[in-house]
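Working notes, structure below.
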Amino acid sequence: MEKPKILLVEDERKIVDLLRLYLEREGYVVASAADGEEGLKAFTRLRPSLVILDLMLPLLDGLEVCRRIRQDSQVPILMLTAKDEETDKVIGLSIGADDYVTKPFSPRELVARVKALLRRSRLSTGNGDRELSDAGLKLIPDKRQAFKGEDEITLTALEFDLLACLMKSPGRVYTRDQLLANVWGADYVGDPRVVDVHVGNLRRKIEDDSSNPRRIRTVRDVGYKFDPQG
Ligand code: CA
């Protein structure tokens, strides 16, 4: 199998060198770019399997790079953020990043996240799953298509998998940890709050009124469930 290609967009030389070392040791091919504009160009040229994207970048910041990549690609995006960029990292997830790691991080943890994201994106392509249809929504896993009524809606790969997981067992309550294990992968080691952010994004796309969600219900102190009556 061809080695997965990873694009690392980061302006701190030390971090680039360190991550390159760890990722190459795992058998990945690593390309890097030191500013946002260069990162976008490299993305178009290389079509990597995954992007590691620093938030604070010269010329074009990580949020803008993420937004532009998401205009035509579902590639997994892992954001690097600093501790004091709490709001930015939530914005990052809300515009389509799949996960984030806060600096300073352990390279081992980052590699584990990369592996989990790549495994997830491999599993989620054309796996012959049955069509799911409920509460006015329809998912066609083979084509990765989603419909609300007659209208096709655009979901990220992660949103698609999250919704499919919930719709497969209508009414079943999932805890955040169960959703992480099902959608992100059993060895996911990140922050369970990413589930809330991605559920929020999904609701904006699938609910009639995302402030009063009827399809994905919050079960207080537990987690979430899909309501077939929604
Ligand atoms: Ca930076």
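In the structure tokens, chains take the letters A, B, ... in the order shown, each chain's residues start at 1, and ligands count up from 1 in the order shown.
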Residues of chain A that have any atom at most 8 Å from an atom of ligand 1: could you tabulate them with the shortest-distance atom pair and the distance in Å to one decimal, using only C-alpha atoms and all ligand atoms, ordered by chain and increasing number, as JSON lines?
{"residue": "A:Glu10", "atom": "CA", "partner": "ligand 1", "partner_atom_place_in_ligand_line": "1 (Ca)", "distance": 5.8}
{"residue": "A:Asp11", "atom": "CA", "partner": "ligand 1", "partner_atom_place_in_ligand_line": "1 (Ca)", "distance": 5.1}
{"residue": "A:Glu12", "atom": "CA", "partner": "ligand 1", "partner_atom_place_in_ligand_line": "1 (Ca)", "distance": 5.9}
{"residue": "A:Asp54", "atom": "CA", "partner": "ligand 1", "partner_atom_place_in_ligand_line": "1 (Ca)", "distance": 5.7}
{"residue": "A:Leu55", "atom": "CA", "partner": "ligand 1", "partner_atom_place_in_ligand_line": "1 (Ca)", "distance": 6.3}
{"residue": "A:Met56", "atom": "CA", "partner": "ligand 1", "partner_atom_place_in_ligand_line": "1 (Ca)", "distance": 4.1}
{"residue": "A:Leu57", "atom": "CA", "partner": "ligand 1", "partner_atom_place_in_ligand_line": "1 (Ca)", "distance": 4.8}
{"residue": "A:Pro58", "atom": "CA", "partner": "ligand 1", "partner_atom_place_in_ligand_line": "1 (Ca)", "distance": 7.6}
Could you pull the residues within 8 Å of A:Val189, counting only C-alpha atoms, minus those fewer than 3 positions along the same chain, as a VMD selection string? chain A and resid 109 112 to 113
Which of these residues is nearest to A:Leu21, using only C-alpha atoms: A:Gly96, A:Pro107, A:Pro76, A:Pro170? A:Pro107
Fewer than 4 positions away in the same chain doesn't count, so skip those; otherwise give me all residues within 8 Å of A:Ala157, counting only C-alpha atoms, as a PyMOL selection string. chain A and resi 74+121+124+144+161
Take the residues from that selection and put them in a file with C-alpha atoms, as a compact mmCIF listing (two decimals), in the first residue's frame.
# COMPACT_ATOMS: atom_id res chain seq x y z
CA GLN A 74 -13.13 16.24 3.14
CA SER A 121 -11.27 8.17 6.99
CA SER A 124 -15.64 5.57 6.15
CA ARG A 144 -21.33 9.67 1.08
CA ASP A 161 -20.08 9.19 10.37
With distances taken over only C-alpha atoms, the candidate from A:Ile69, A:Thr81, A:Arg130, A:Val197 nearest A:Pro104 is A:Thr81
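Ranking A:Gly190, A:Ala97, A:Ala33, A:Gly200 by their shortest atom-to-atom distance to A:Val16, with only C-alpha atoms included, puts A:Ala33 first.
Residues with any atom within 9 Å of A:Lys205, counting only C-alpha atoms and excluding same-chain neighbours fewer than 5 positions away, are A:Lys148, A:Ile153, A:Thr154, A:Leu155, A:Gly200, A:Ser210.
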Could you go through stretch 75-195 of chain A and tell me which residues DSSP, when run on the backbone, assigns to helix (DSSP H, G or I), listing them as a ChimeraX atom specification? /A:86-94,107-123,141-143,157-168,176-184,193-195
